[in-house]
>>> print(open('coords_11.cif').read())   # mmCIF, C-alpha atoms and all ligand atoms
data_target
#
loop_
_atom_site.label_atom_id
_atom_site.label_comp_id
_atom_site.auth_asym_id
_atom_site.auth_seq_id
_atom_site.Cartn_x
_atom_site.Cartn_y
_atom_site.Cartn_z
CA MET A 1 142.14 90.05 -35.16
CA ASN A 2 144.03 91.58 -32.25
CA ALA A 3 147.78 90.68 -32.50
CA THR A 4 147.97 89.28 -28.97
CA VAL A 5 144.99 87.04 -29.55
CA GLN A 6 146.53 85.88 -32.81
CA GLU A 7 149.82 85.11 -31.07
CA VAL A 8 148.12 83.18 -28.26
CA LEU A 9 146.08 81.19 -30.78
CA LYS A 10 149.22 80.34 -32.72
CA GLN A 11 151.00 79.20 -29.56
CA GLU A 12 147.99 77.14 -28.55
CA PHE A 13 147.77 75.57 -31.99
CA ASP A 14 151.50 74.74 -32.08
CA ARG A 15 151.43 73.26 -28.58
CA LEU A 16 148.37 71.15 -29.36
CA THR A 17 149.87 69.99 -32.65
CA THR A 18 153.02 68.77 -30.89
CA MET A 19 151.04 67.14 -28.10
CA ASN A 20 148.70 65.48 -30.62
CA VAL A 21 151.61 63.79 -32.34
CA GLY A 22 153.25 62.68 -29.11
CA TYR A 23 150.75 60.74 -27.04
CA LEU A 24 150.70 56.96 -26.96
CA GLY A 25 148.73 56.32 -23.78
CA TYR A 26 145.21 57.41 -24.69
CA PRO A 27 142.60 55.79 -26.95
CA LEU A 28 142.11 58.82 -29.18
CA SER A 29 142.64 58.23 -32.89
CA LYS A 30 144.95 60.74 -34.55
CA ASP A 31 144.22 60.40 -38.26
CA LEU A 32 141.83 63.33 -38.34
CA SER A 33 140.62 65.19 -41.41
CA TYR A 34 137.60 67.33 -40.70
CA GLU A 35 138.39 70.53 -42.63
CA ALA A 36 135.27 70.07 -44.76
CA LEU A 37 133.15 70.77 -41.69
CA ALA A 38 134.88 74.05 -40.78
CA PRO A 39 132.13 76.29 -42.29
CA PHE A 40 129.64 74.82 -39.82
CA LEU A 41 131.55 76.49 -36.98
CA ASN A 42 129.95 79.79 -37.90
CA LEU A 43 126.45 78.44 -37.44
CA GLN A 44 124.29 77.87 -34.41
CA ILE A 45 123.50 74.16 -34.40
CA ASN A 46 121.43 72.61 -31.65
CA ASN A 47 119.90 69.13 -31.54
CA VAL A 48 117.72 69.94 -28.55
CA GLY A 49 115.85 66.96 -27.06
CA ASP A 50 114.90 63.73 -28.75
CA PRO A 51 116.71 62.99 -32.05
CA TYR A 52 113.65 61.36 -33.59
CA THR A 53 111.23 64.17 -32.72
CA PRO A 54 111.68 67.50 -34.50
CA SER A 55 111.52 70.57 -32.27
CA SER A 56 110.23 74.06 -33.03
CA LEU A 57 113.92 75.02 -33.41
CA GLY A 58 115.01 74.07 -36.93
CA ILE A 59 118.77 74.49 -36.56
CA ASP A 60 119.56 70.85 -35.97
CA THR A 61 121.39 67.96 -37.64
CA LYS A 62 118.91 65.36 -36.41
CA GLU A 63 118.60 63.71 -39.81
CA ARG A 64 122.34 63.08 -39.84
CA GLU A 65 122.19 61.99 -36.20
CA ILE A 66 119.55 59.39 -37.05
CA GLU A 67 121.75 58.08 -39.86
CA VAL A 68 124.59 57.69 -37.37
CA LEU A 69 122.30 55.87 -34.95
CA THR A 70 121.07 53.61 -37.73
CA PHE A 71 124.66 52.76 -38.66
CA PHE A 72 125.41 51.77 -35.07
CA SER A 73 122.15 49.84 -34.76
CA ARG A 74 123.18 47.71 -37.73
CA LEU A 75 126.74 47.29 -36.45
CA LEU A 76 125.43 46.19 -33.06
CA ARG A 77 122.68 43.98 -34.50
CA ALA A 78 119.75 45.92 -33.09
CA ALA A 79 116.34 45.87 -34.74
CA PRO A 80 115.83 49.49 -35.91
CA GLU A 81 112.13 49.55 -35.06
CA THR A 82 112.71 48.55 -31.43
CA THR A 83 115.90 50.54 -30.84
CA TRP A 84 116.40 54.10 -29.70
CA GLY A 85 119.49 56.21 -29.07
CA TYR A 86 121.19 59.57 -29.30
CA VAL A 87 124.58 61.16 -29.80
CA THR A 88 126.01 61.95 -26.36
CA ASN A 89 128.85 64.10 -25.10
CA GLY A 90 130.97 60.99 -24.61
CA GLY A 91 131.14 57.48 -23.20
CA SER A 92 130.56 58.61 -19.61
CA GLU A 93 127.21 60.19 -20.48
CA GLY A 94 126.15 57.05 -22.36
CA ASN A 95 126.96 54.97 -19.29
CA LEU A 96 125.06 57.38 -17.06
CA TYR A 97 122.10 57.10 -19.41
CA GLY A 98 122.21 53.28 -19.49
CA LEU A 99 122.30 53.16 -15.70
CA TYR A 100 119.46 55.69 -15.50
CA LEU A 101 117.31 53.50 -17.77
CA ALA A 102 118.23 50.46 -15.69
CA ARG A 103 117.20 52.19 -12.47
CA GLU A 104 113.89 53.28 -13.98
CA ALA A 105 113.27 49.71 -15.16
CA PHE A 106 114.23 48.21 -11.80
CA PRO A 107 114.09 50.77 -8.98
CA ASN A 108 115.09 48.07 -6.45
CA GLY A 109 117.93 46.78 -8.59
CA MET A 110 121.52 46.11 -7.57
CA VAL A 111 124.33 47.07 -9.96
CA TYR A 112 127.26 44.68 -10.38
CA TYR A 113 130.42 45.98 -12.04
CA SER A 114 134.07 45.03 -11.99
CA GLU A 115 136.87 46.83 -10.23
CA SER A 116 138.42 47.49 -13.68
CA THR A 117 135.45 49.64 -14.70
CA HIS A 118 136.06 53.27 -15.70
CA TYR A 119 136.27 55.66 -12.74
CA SER A 120 133.27 57.72 -13.90
CA VAL A 121 130.86 54.84 -13.27
CA LYS A 122 131.22 55.04 -9.48
CA LYS A 123 130.32 58.72 -9.66
CA ASN A 124 127.37 58.00 -11.95
CA LEU A 125 126.07 55.38 -9.53
CA HIS A 126 126.41 57.91 -6.74
CA LEU A 127 124.49 60.52 -8.77
CA LEU A 128 121.74 58.02 -9.48
CA ASN A 129 121.80 56.69 -5.94
CA ILE A 130 121.65 53.03 -7.05
CA PRO A 131 122.92 50.33 -4.67
CA ASN A 132 125.95 48.67 -6.22
CA ILE A 133 128.67 46.12 -5.59
CA VAL A 134 132.16 46.02 -7.07
CA ILE A 135 133.18 42.60 -8.33
CA ARG A 136 136.81 41.46 -8.39
CA SER A 137 138.65 41.41 -11.72
CA GLN A 138 140.94 38.73 -13.02
CA GLU A 139 144.59 39.58 -13.73
CA ASN A 140 143.77 40.53 -17.33
CA GLY A 141 141.09 43.00 -16.24
CA GLU A 142 138.12 40.76 -17.05
CA LEU A 143 135.32 40.09 -14.56
CA ASP A 144 135.98 37.39 -11.99
CA TYR A 145 132.92 35.25 -12.74
CA LYS A 146 133.30 33.21 -9.56
CA ASP A 147 133.11 36.36 -7.46
CA LEU A 148 130.15 37.56 -9.54
CA ASP A 149 128.41 34.21 -9.08
CA GLN A 150 128.81 34.25 -5.30
CA THR A 151 127.79 37.88 -4.99
CA VAL A 152 124.68 37.45 -7.14
CA ARG A 153 123.73 34.20 -5.38
CA ALA A 154 123.48 36.02 -2.06
CA ARG A 155 121.10 38.59 -3.64
CA ARG A 156 119.13 36.48 -6.07
CA HIS A 157 115.84 37.94 -4.78
CA LYS A 158 116.85 41.37 -6.16
CA PRO A 159 116.67 42.62 -9.76
CA ALA A 160 120.20 42.52 -11.16
CA ILE A 161 121.80 45.27 -13.26
CA PHE A 162 124.99 44.11 -14.92
CA PHE A 163 127.46 46.72 -16.08
CA ILE A 164 129.65 44.89 -18.59
CA ASN A 165 132.92 46.14 -20.09
CA VAL A 166 133.77 45.58 -23.72
CA GLY A 167 137.28 46.96 -23.43
CA THR A 168 138.30 48.09 -19.93
CA THR A 169 140.22 51.33 -19.63
CA MET A 170 143.61 49.94 -18.63
CA THR A 171 143.84 46.53 -20.29
CA GLU A 172 141.00 46.54 -22.86
CA ALA A 173 139.58 43.38 -21.29
CA ILE A 174 136.23 42.00 -22.39
CA ASP A 175 133.71 40.80 -19.82
CA GLN A 176 132.04 37.72 -21.27
CA LEU A 177 128.32 38.21 -21.56
CA ASP A 178 127.74 34.47 -22.01
CA LYS A 179 129.18 33.80 -18.57
CA VAL A 180 127.10 36.57 -17.01
CA LYS A 181 123.96 35.21 -18.64
CA ALA A 182 124.81 31.73 -17.38
CA ILE A 183 124.75 33.14 -13.83
CA VAL A 184 121.37 34.77 -14.52
CA ARG A 185 120.04 31.39 -15.64
CA LYS A 186 121.66 29.49 -12.78
CA TYR A 187 119.83 31.60 -10.18
CA ALA A 188 116.63 31.94 -12.25
CA ILE A 189 116.78 35.74 -12.07
CA LYS A 190 113.80 37.06 -13.97
CA ASP A 191 114.37 40.81 -13.57
CA TYR A 192 117.69 41.90 -14.97
CA TYR A 193 119.23 44.57 -17.17
CA ILE A 194 122.51 44.46 -19.10
CA HIS A 195 124.37 47.63 -19.98
CA VAL A 196 127.60 47.47 -22.01
CA ASP A 197 130.39 50.01 -21.75
CA GLY A 198 131.99 49.80 -25.17
CA ALA A 199 133.74 53.19 -25.02
CA LEU A 200 136.72 52.12 -27.13
CA ALA A 201 136.15 48.52 -28.18
CA GLY A 202 132.39 48.58 -28.82
CA VAL A 203 133.11 49.75 -32.33
CA MET A 204 135.96 47.27 -32.91
CA ALA A 205 134.51 44.11 -31.35
CA PRO A 206 132.13 43.47 -34.31
CA PHE A 207 135.31 42.90 -36.34
CA TYR A 208 137.17 40.61 -33.94
CA LYS A 209 138.21 37.24 -35.31
CA ASN A 210 136.60 35.70 -32.23
CA ARG A 211 133.60 37.96 -31.88
CA PRO A 212 132.53 38.13 -28.24
CA SER A 213 128.85 38.15 -27.39
CA PHE A 214 128.11 41.74 -26.43
CA ASP A 215 125.43 43.27 -28.64
CA PHE A 216 121.64 43.49 -28.98
CA ALA A 217 121.32 40.14 -30.74
CA ASP A 218 123.11 38.67 -27.72
CA GLY A 219 120.52 40.19 -25.38
CA ILE A 220 121.85 43.49 -24.04
CA ASP A 221 119.56 46.37 -23.06
CA SER A 222 121.86 49.33 -23.75
CA ILE A 223 125.38 50.22 -24.87
CA SER A 224 127.58 53.29 -24.75
CA ILE A 225 130.38 54.02 -27.23
CA SER A 226 132.73 57.00 -27.44
CA GLY A 227 132.92 58.86 -30.75
CA HIS A 228 136.27 60.57 -30.17
CA LYS A 229 138.10 57.34 -29.38
CA PHE A 230 138.40 54.77 -32.15
CA ILE A 231 136.36 56.71 -34.71
CA GLY A 232 138.36 59.84 -33.95
CA ALA A 233 135.90 62.74 -33.80
CA PRO A 234 137.94 65.79 -32.73
CA ILE A 235 135.36 66.84 -30.13
CA PRO A 236 134.35 64.46 -27.32
CA CYS A 237 131.11 62.69 -28.19
CA GLY A 238 129.56 59.25 -28.22
CA VAL A 239 126.55 57.15 -29.00
CA VAL A 240 124.14 55.48 -26.65
CA LEU A 241 121.70 52.88 -27.94
CA CYS A 242 119.01 51.09 -26.00
CA LYS A 243 115.86 49.06 -26.41
CA LYS A 244 113.03 51.49 -27.15
CA GLU A 245 110.91 50.16 -24.30
CA HIS A 246 113.47 51.60 -21.87
CA SER A 247 113.67 55.09 -23.38
CA GLU A 248 109.87 55.23 -23.62
CA ARG A 249 109.70 54.64 -19.90
CA VAL A 250 111.57 57.90 -19.25
CA ALA A 251 110.19 60.03 -22.11
CA LYS A 252 108.28 63.18 -21.23
CA SER A 253 106.84 65.72 -23.66
CA ILE A 254 107.88 69.33 -23.31
CA SER A 255 105.60 71.99 -24.73
CA TYR A 256 108.32 74.70 -24.69
CA VAL A 257 110.42 73.20 -27.54
CA LYS A 258 107.79 70.73 -28.81
CA THR A 259 110.09 67.72 -28.60
CA LYS A 260 110.50 64.83 -26.14
CA ASP A 261 112.77 65.12 -23.11
CA THR A 262 114.41 61.73 -23.51
CA THR A 263 118.06 62.81 -23.33
CA ILE A 264 120.24 63.76 -20.33
CA THR A 265 120.84 67.34 -21.47
CA GLY A 266 118.29 69.64 -23.12
CA SER A 267 120.34 71.51 -25.71
CA ARG A 268 122.59 69.02 -27.41
CA ASN A 269 125.61 69.30 -29.67
CA GLY A 270 124.59 69.30 -33.33
CA PHE A 271 128.15 69.50 -34.61
CA THR A 272 129.36 66.16 -33.22
CA PRO A 273 126.61 64.11 -34.93
CA LEU A 274 127.75 65.76 -38.14
CA MET A 275 131.35 64.76 -37.42
CA LEU A 276 130.38 61.17 -36.72
CA TRP A 277 128.20 61.07 -39.82
CA TYR A 278 131.06 62.46 -41.92
CA ALA A 279 133.61 60.01 -40.47
CA LEU A 280 131.31 57.02 -40.92
CA LYS A 281 130.34 58.02 -44.46
CA ASN A 282 134.04 58.15 -45.33
CA MET A 283 135.00 54.92 -43.60
CA GLY A 284 131.93 52.71 -43.74
CA ALA A 285 131.94 49.41 -41.91
CA LEU A 286 134.72 48.10 -44.17
CA GLY A 287 136.89 51.10 -43.35
CA LEU A 288 136.35 50.54 -39.65
CA ARG A 289 137.36 46.91 -40.04
CA LYS A 290 140.51 47.93 -41.91
CA ARG A 291 141.39 50.46 -39.20
CA TYR A 292 140.92 47.83 -36.52
CA ASN A 293 143.08 45.28 -38.35
CA GLU A 294 145.85 47.85 -38.81
CA SER A 295 145.68 48.88 -35.16
CA LEU A 296 145.80 45.26 -34.05
CA GLU A 297 148.83 44.63 -36.25
CA LEU A 298 150.61 47.61 -34.74
CA ALA A 299 149.76 46.47 -31.21
CA GLU A 300 151.16 43.02 -31.98
CA TYR A 301 154.29 44.63 -33.38
CA ALA A 302 154.66 46.81 -30.25
CA LEU A 303 154.26 43.81 -27.97
CA LYS A 304 156.85 41.79 -29.90
CA ARG A 305 159.34 44.66 -29.79
CA LEU A 306 158.87 45.18 -26.05
CA GLN A 307 159.23 41.49 -25.35
CA ALA A 308 162.32 41.33 -27.55
CA ILE A 309 164.12 43.78 -25.23
CA GLY A 310 162.90 41.85 -22.20
CA TYR A 311 160.49 44.55 -21.08
CA ASP A 312 157.56 43.35 -19.00
CA ALA A 313 154.57 43.71 -21.37
CA TRP A 314 151.47 41.81 -22.42
CA LYS A 315 148.10 42.33 -24.05
CA ASN A 316 144.68 40.76 -24.26
CA PRO A 317 144.43 38.71 -27.48
CA GLN A 318 142.25 41.00 -29.61
CA ALA A 319 143.16 44.28 -27.93
CA ILE A 320 144.96 47.22 -29.47
CA THR A 321 146.15 48.16 -25.96
CA VAL A 322 149.57 46.92 -24.85
CA VAL A 323 150.02 46.84 -21.08
CA LEU A 324 153.50 47.45 -19.73
CA LYS A 325 155.28 47.86 -16.45
CA LYS A 326 155.17 51.51 -15.49
CA PRO A 327 158.28 53.19 -16.92
CA THR A 328 160.08 56.18 -15.44
CA MET A 329 158.26 59.44 -14.91
CA GLU A 330 160.26 60.99 -17.78
CA ILE A 331 159.14 58.35 -20.24
CA CYS A 332 155.53 58.55 -19.03
CA GLN A 333 155.62 62.29 -19.61
CA LYS A 334 157.40 62.11 -22.96
CA TYR A 335 154.84 59.70 -24.41
CA GLN A 336 151.85 60.89 -22.35
CA LEU A 337 151.29 57.44 -20.87
CA ALA A 338 148.33 56.78 -18.59
CA VAL A 339 149.43 55.00 -15.42
CA GLN A 340 147.60 53.00 -12.78
CA ASP A 341 149.53 51.52 -9.85
CA ASP A 342 152.61 49.86 -11.39
CA MET A 343 150.98 49.53 -14.81
CA ALA A 344 151.02 51.75 -17.90
CA HIS A 345 149.70 51.16 -21.38
CA ILE A 346 150.07 52.22 -24.96
CA ILE A 347 147.07 52.21 -27.25
CA CYS A 348 147.75 51.64 -30.93
CA VAL A 349 144.91 53.75 -32.30
CA PRO A 350 144.80 54.80 -35.97
CA GLY A 351 147.40 57.51 -36.55
CA VAL A 352 150.02 56.07 -34.20
CA GLU A 353 153.19 55.49 -36.23
CA LYS A 354 155.47 52.47 -36.06
CA SER A 355 158.37 54.91 -35.62
CA GLN A 356 156.77 56.18 -32.38
CA ILE A 357 156.60 52.64 -31.03
CA ASP A 358 160.23 52.15 -32.03
CA ALA A 359 161.25 55.36 -30.27
CA LEU A 360 159.49 54.29 -27.07
CA VAL A 361 161.05 50.83 -27.20
CA ASN A 362 164.50 52.33 -27.75
CA ASP A 363 164.04 54.67 -24.77
CA LEU A 364 162.92 51.78 -22.59
CA ASP A 365 165.79 49.65 -23.85
CA SER A 366 168.47 52.22 -23.09
CA ILE A 367 167.18 52.52 -19.53
CA CYS A 368 167.00 48.74 -19.11
CA LEU A 369 170.67 48.50 -20.12
CA VAL A 370 171.91 50.67 -17.23
CA GLU A 371 173.53 48.33 -14.70
CA PRO A 372 172.71 49.36 -11.13
CA GLU A 373 175.73 49.57 -8.81
CA PHE A 374 173.77 48.75 -5.67
CA GLU A 375 170.79 46.75 -4.50
CA LEU A 376 167.63 48.39 -5.86
CA PRO A 377 164.87 49.10 -3.36
CA SER A 378 162.43 49.12 -6.27
CA PHE A 379 162.76 49.37 -10.03
CA ASP A 380 160.69 52.54 -10.30
CA ALA A 381 162.19 54.46 -7.40
CA VAL A 382 165.71 54.10 -8.76
CA LEU A 383 164.74 54.91 -12.31
CA VAL A 384 163.03 58.08 -11.16
CA ASP A 385 166.21 59.06 -9.24
CA PHE A 386 168.38 58.16 -12.15
C1 LIG A 401 136.06 51.81 -20.59
C2 LIG A 401 135.75 53.27 -20.58
N1 LIG A 401 134.51 53.66 -20.29
C3 LIG A 401 134.16 54.96 -20.29
C4 LIG A 401 135.09 55.93 -20.57
C5 LIG A 401 134.67 57.36 -20.55
O1 LIG A 401 134.47 57.76 -21.85
P1 LIG A 401 134.47 59.31 -22.26
O2 LIG A 401 135.84 59.80 -22.00
O3 LIG A 401 134.09 59.26 -23.69
O4 LIG A 401 133.45 59.99 -21.42
C6 LIG A 401 136.40 55.57 -20.89
C7 LIG A 401 137.40 56.58 -21.21
O5 LIG A 401 138.55 56.34 -21.35
C8 LIG A 401 136.73 54.21 -20.89
O6 LIG A 401 137.97 53.79 -21.15
#
>>> encode(input="coords_11.cif", output="structure tokens")
Amino acid sequence: MNATVQEVLKQEFDRLTTMNVGYLGYPLSKDLSYEALAPFLNLQINNVGDPYTPSSLGIDTKEREIEVLTFFSRLLRAAPETTWGYVTNGGSEGNLYGLYLAREAFPNGMVYYSESTHYSVKKNLHLLNIPNIVIRSQENGELDYKDLDQTVRARRHKPAIFFINVGTTMTEAIDQLDKVKAIVRKYAIKDYYIHVDGALAGVMAPFYKNRPSFDFADGIDSISISGHKFIGAPIPCGVVLCKKEHSERVAKSISYVKTKDTTITGSRNGFTPLMLWYALKNMGALGLRKRYNESLELAEYALKRLQAIGYDAWKNPQAITVVLKKPTMEICQKYQLAVQDDMAHIICVPGVEKSQIDALVNDLDSICLVEPEFELPSFDAVLVDF
């Protein structure tokens, strides 16, 4: 290898290694161990088209992909014979797909989603050109059911498409499906579709002490989950699952590759299904539960420590995300914290160390201890100056 290329690769690797250790503000697990899959990097792998239909191109990992989908079907209490899905490029694609299926099911439908929903959903709705209304959120990030009720009531003649969050981006809030379904019943809405965005928490919620209703047995039509978040695949990916009747509505046969064109993209990643398969084989459902319990414990520890120094922080009961008042720019940069308005958060994903939480708390504490000598115009402005 050319010496310059080698040097640049080394620098890139070192920088990424440091940055991987340091972040606390993103829901990407850090306990990665995928060396066993390295030899596959020298192979063309392509899961073109429908996972359940072989193509004329035999260089796929579709069998492993189907095993991954079957694992998720079981976890999310879907009947395998009436469920379909595929491994996506991430949570955003799964949401796009769910909304696409919803639009095909109800071309005159109206989408309802909360203001705490991930930013990509607005863009997806724009791409799909579906009429939509943003519903207010409660303080904790959960849907404001009263606002939803009033908004739906005024449009009860229209098919309703509910975009439900199981773990919002900033506060990991859970929209309660029971309450949404109660509104459907109240206004006798016959045509409706429920899509769940479970990017981070869709894979943890089955293990909550108080399991929310959010899966296929509870009546959803589709769900999107990210594979690089809680599970920790090192390349962005995800899983979308839906009722088969919906995917069949959009399926078209393509003679060129002899498979079905059910997915958003044609050529699809064959490496990420292998990563998910490998991770899930190693963890199993019990391993996932253990990871969730450990993450929850760490989040509870972080919250206690922050509250002990009097720092403004809180979390939703079963969340691994701790919401805190936005710290100084320096601290946000040091710990790679995601910020929205005056709010930041830390996400206690697997691989985050207690010592990192302690370091953050100590940094926040030392800043809190500085006595201002004059009237502060605002907490943040002065801390940034300081
Ligand atoms: C709630 C929620 N939905 C969707 C997404 C997008 O997922 P991805 O980054 O896998 O496309 C995110 C990402 O953070 C998210 O938090």
>>> residues_near_ligand(input="coords_11.cif", ligand="ligand LIG 401 (chain A)", cutoff="9 Å", atoms="all atoms listed in the file", output="number ranges by chain")
A: 26-28, 88-95, 116-121, 165-170, 172, 197-201, 224-229, 236-238
>>> closest_residue(input="coords_11.cif", among="A:Ala308, A:Tyr34, A:Gln11, A:Val21", to="A:Leu274", atoms="all atoms listed in the file")
A:Tyr34
>>> residues_around(input="coords_11.cif", residues="A:Tyr292", least_positions_apart="3", cutoff="9 Å", atoms="only C-alpha atoms", output="ChimeraX atom specification")
/A:204,207-208,230,287-289,295-297,320,349-350
>>> residues_around(input="coords_11.cif", residues="A:Leu125", least_positions_apart="3", cutoff="9 Å", atoms="all atoms listed in the file", output="JSON, numbers by chain")
{"A": [96, 99, 100, 111, 120, 121, 122, 128, 129, 130, 131, 132]}
>>> residues_near_point(input="coords_11.cif", point="(135.0, 73.7, -39.2)", cutoff="12 Å", atoms="all atoms listed in the file", output="list of chain:residue names")
A:Ser33, A:Tyr34, A:Glu35, A:Ala36, A:Leu37, A:Ala38, A:Pro39, A:Phe40, A:Leu41, A:Asn42, A:Leu43, A:Pro234, A:Ile235, A:Phe271, A:Thr272, A:Leu274, A:Met275
>>> atom_distance(input="coords_11.cif", atom1="atom CA of A:Val257", atom2="atom CA of A:Leu57")
7.1 Å
>>> closest_residue(input="coords_11.cif", among="A:Phe216, A:Tyr301, A:Ile45, A:His195", to="A:Cys348", atoms="all atoms listed in the file")
A:Tyr301
>>> closest_residue(input="coords_11.cif", among="A:Gly351, A:Pro317, A:Pro212, A:Pro327", to="A:Asp363", atoms="only C-alpha atoms")
A:Pro327
>>> atom_distance(input="coords_11.cif", atom1="atom CA of A:Val203", atom2="atom CA of A:Lys315")
18.7 Å
>>> atom_distance(input="coords_11.cif", atom1="atom CA of A:Val5", atom2="atom CA of A:Gln336")
28.0 Å
>>> closest_residue(input="coords_11.cif", among="A:Val184, A:Tyr86, A:Asn20, A:Leu75", to="A:Asn269", atoms="all atoms listed in the file")
A:Tyr86
>>> closest_residue(input="coords_11.cif", among="A:Asn108, A:Gln318, A:Gln176, A:Gln6", to="A:Lys209", atoms="all atoms listed in the file")
A:Gln318
>>> decode(input="coords_11.cif", residues="stretch 212-226 of chain A", atoms="N, CA, C and O atoms", output="PDB file, in the first residue's frame")
ATOM      1  N   PRO A 212     -45.193  -1.430  27.016  1.00  0.00           N
ATOM      2  CA  PRO A 212     -46.248  -0.632  26.384  1.00  0.00           C
ATOM      3  C   PRO A 212     -46.914  -1.433  25.275  1.00  0.00           C
ATOM      4  O   PRO A 212     -46.329  -2.417  24.798  1.00  0.00           O
ATOM      5  N   SER A 213     -48.098  -1.039  24.847  1.00  0.00           N
ATOM      6  CA  SER A 213     -48.651  -1.739  23.682  1.00  0.00           C
ATOM      7  C   SER A 213     -48.085  -1.037  22.451  1.00  0.00           C
ATOM      8  O   SER A 213     -48.149   0.189  22.326  1.00  0.00           O
ATOM      9  N   PHE A 214     -47.443  -1.797  21.578  1.00  0.00           N
ATOM     10  CA  PHE A 214     -46.772  -1.154  20.437  1.00  0.00           C
ATOM     11  C   PHE A 214     -46.483  -2.123  19.292  1.00  0.00           C
ATOM     12  O   PHE A 214     -45.914  -1.715  18.286  1.00  0.00           O
ATOM     13  N   ASP A 215     -46.846  -3.409  19.452  1.00  0.00           N
ATOM     14  CA  ASP A 215     -46.376  -4.354  18.436  1.00  0.00           C
ATOM     15  C   ASP A 215     -47.539  -4.931  17.618  1.00  0.00           C
ATOM     16  O   ASP A 215     -48.673  -4.452  17.688  1.00  0.00           O
ATOM     17  N   PHE A 216     -47.254  -6.002  16.864  1.00  0.00           N
ATOM     18  CA  PHE A 216     -48.260  -6.538  15.946  1.00  0.00           C
ATOM     19  C   PHE A 216     -49.451  -7.135  16.698  1.00  0.00           C
ATOM     20  O   PHE A 216     -50.586  -6.999  16.262  1.00  0.00           O
ATOM     21  N   ALA A 217     -49.157  -7.783  17.832  1.00  0.00           N
ATOM     22  CA  ALA A 217     -50.274  -8.344  18.612  1.00  0.00           C
ATOM     23  C   ALA A 217     -51.171  -7.230  19.131  1.00  0.00           C
ATOM     24  O   ALA A 217     -52.349  -7.442  19.414  1.00  0.00           O
ATOM     25  N   ASP A 218     -50.620  -6.025  19.255  1.00  0.00           N
ATOM     26  CA  ASP A 218     -51.421  -4.881  19.717  1.00  0.00           C
ATOM     27  C   ASP A 218     -52.119  -4.169  18.561  1.00  0.00           C
ATOM     28  O   ASP A 218     -52.795  -3.164  18.765  1.00  0.00           O
ATOM     29  N   GLY A 219     -51.845  -4.631  17.328  1.00  0.00           N
ATOM     30  CA  GLY A 219     -52.627  -4.105  16.193  1.00  0.00           C
ATOM     31  C   GLY A 219     -51.914  -3.128  15.274  1.00  0.00           C
ATOM     32  O   GLY A 219     -52.573  -2.402  14.539  1.00  0.00           O
ATOM     33  N   ILE A 220     -50.588  -3.101  15.287  1.00  0.00           N
ATOM     34  CA  ILE A 220     -49.921  -2.168  14.359  1.00  0.00           C
ATOM     35  C   ILE A 220     -49.858  -2.767  12.944  1.00  0.00           C
ATOM     36  O   ILE A 220     -50.022  -3.986  12.759  1.00  0.00           O
ATOM     37  N   ASP A 221     -49.591  -1.914  11.970  1.00  0.00           N
ATOM     38  CA  ASP A 221     -49.464  -2.365  10.586  1.00  0.00           C
ATOM     39  C   ASP A 221     -48.009  -2.494  10.159  1.00  0.00           C
ATOM     40  O   ASP A 221     -47.685  -3.326   9.310  1.00  0.00           O
ATOM     41  N   SER A 222     -47.140  -1.622  10.690  1.00  0.00           N
ATOM     42  CA  SER A 222     -45.716  -1.708  10.327  1.00  0.00           C
ATOM     43  C   SER A 222     -44.867  -1.061  11.413  1.00  0.00           C
ATOM     44  O   SER A 222     -45.364  -0.262  12.220  1.00  0.00           O
ATOM     45  N   ILE A 223     -43.581  -1.425  11.397  1.00  0.00           N
ATOM     46  CA  ILE A 223     -42.651  -0.881  12.398  1.00  0.00           C
ATOM     47  C   ILE A 223     -41.261  -0.782  11.779  1.00  0.00           C
ATOM     48  O   ILE A 223     -40.877  -1.616  10.951  1.00  0.00           O
ATOM     49  N   SER A 224     -40.538   0.250  12.174  1.00  0.00           N
ATOM     50  CA  SER A 224     -39.161   0.429  11.714  1.00  0.00           C
ATOM     51  C   SER A 224     -38.229   0.474  12.929  1.00  0.00           C
ATOM     52  O   SER A 224     -38.534   1.138  13.919  1.00  0.00           O
ATOM     53  N   ILE A 225     -37.122  -0.245  12.810  1.00  0.00           N
ATOM     54  CA  ILE A 225     -36.131  -0.290  13.904  1.00  0.00           C
ATOM     55  C   ILE A 225     -34.746  -0.089  13.293  1.00  0.00           C
ATOM     56  O   ILE A 225     -34.477  -0.606  12.210  1.00  0.00           O
ATOM     57  N   SER A 226     -33.892   0.644  13.984  1.00  0.00           N
ATOM     58  CA  SER A 226     -32.514   0.814  13.495  1.00  0.00           C
ATOM     59  C   SER A 226     -31.647  -0.341  13.982  1.00  0.00           C
ATOM     60  O   SER A 226     -31.787  -0.790  15.127  1.00  0.00           O
TER      61      SER A 226
END
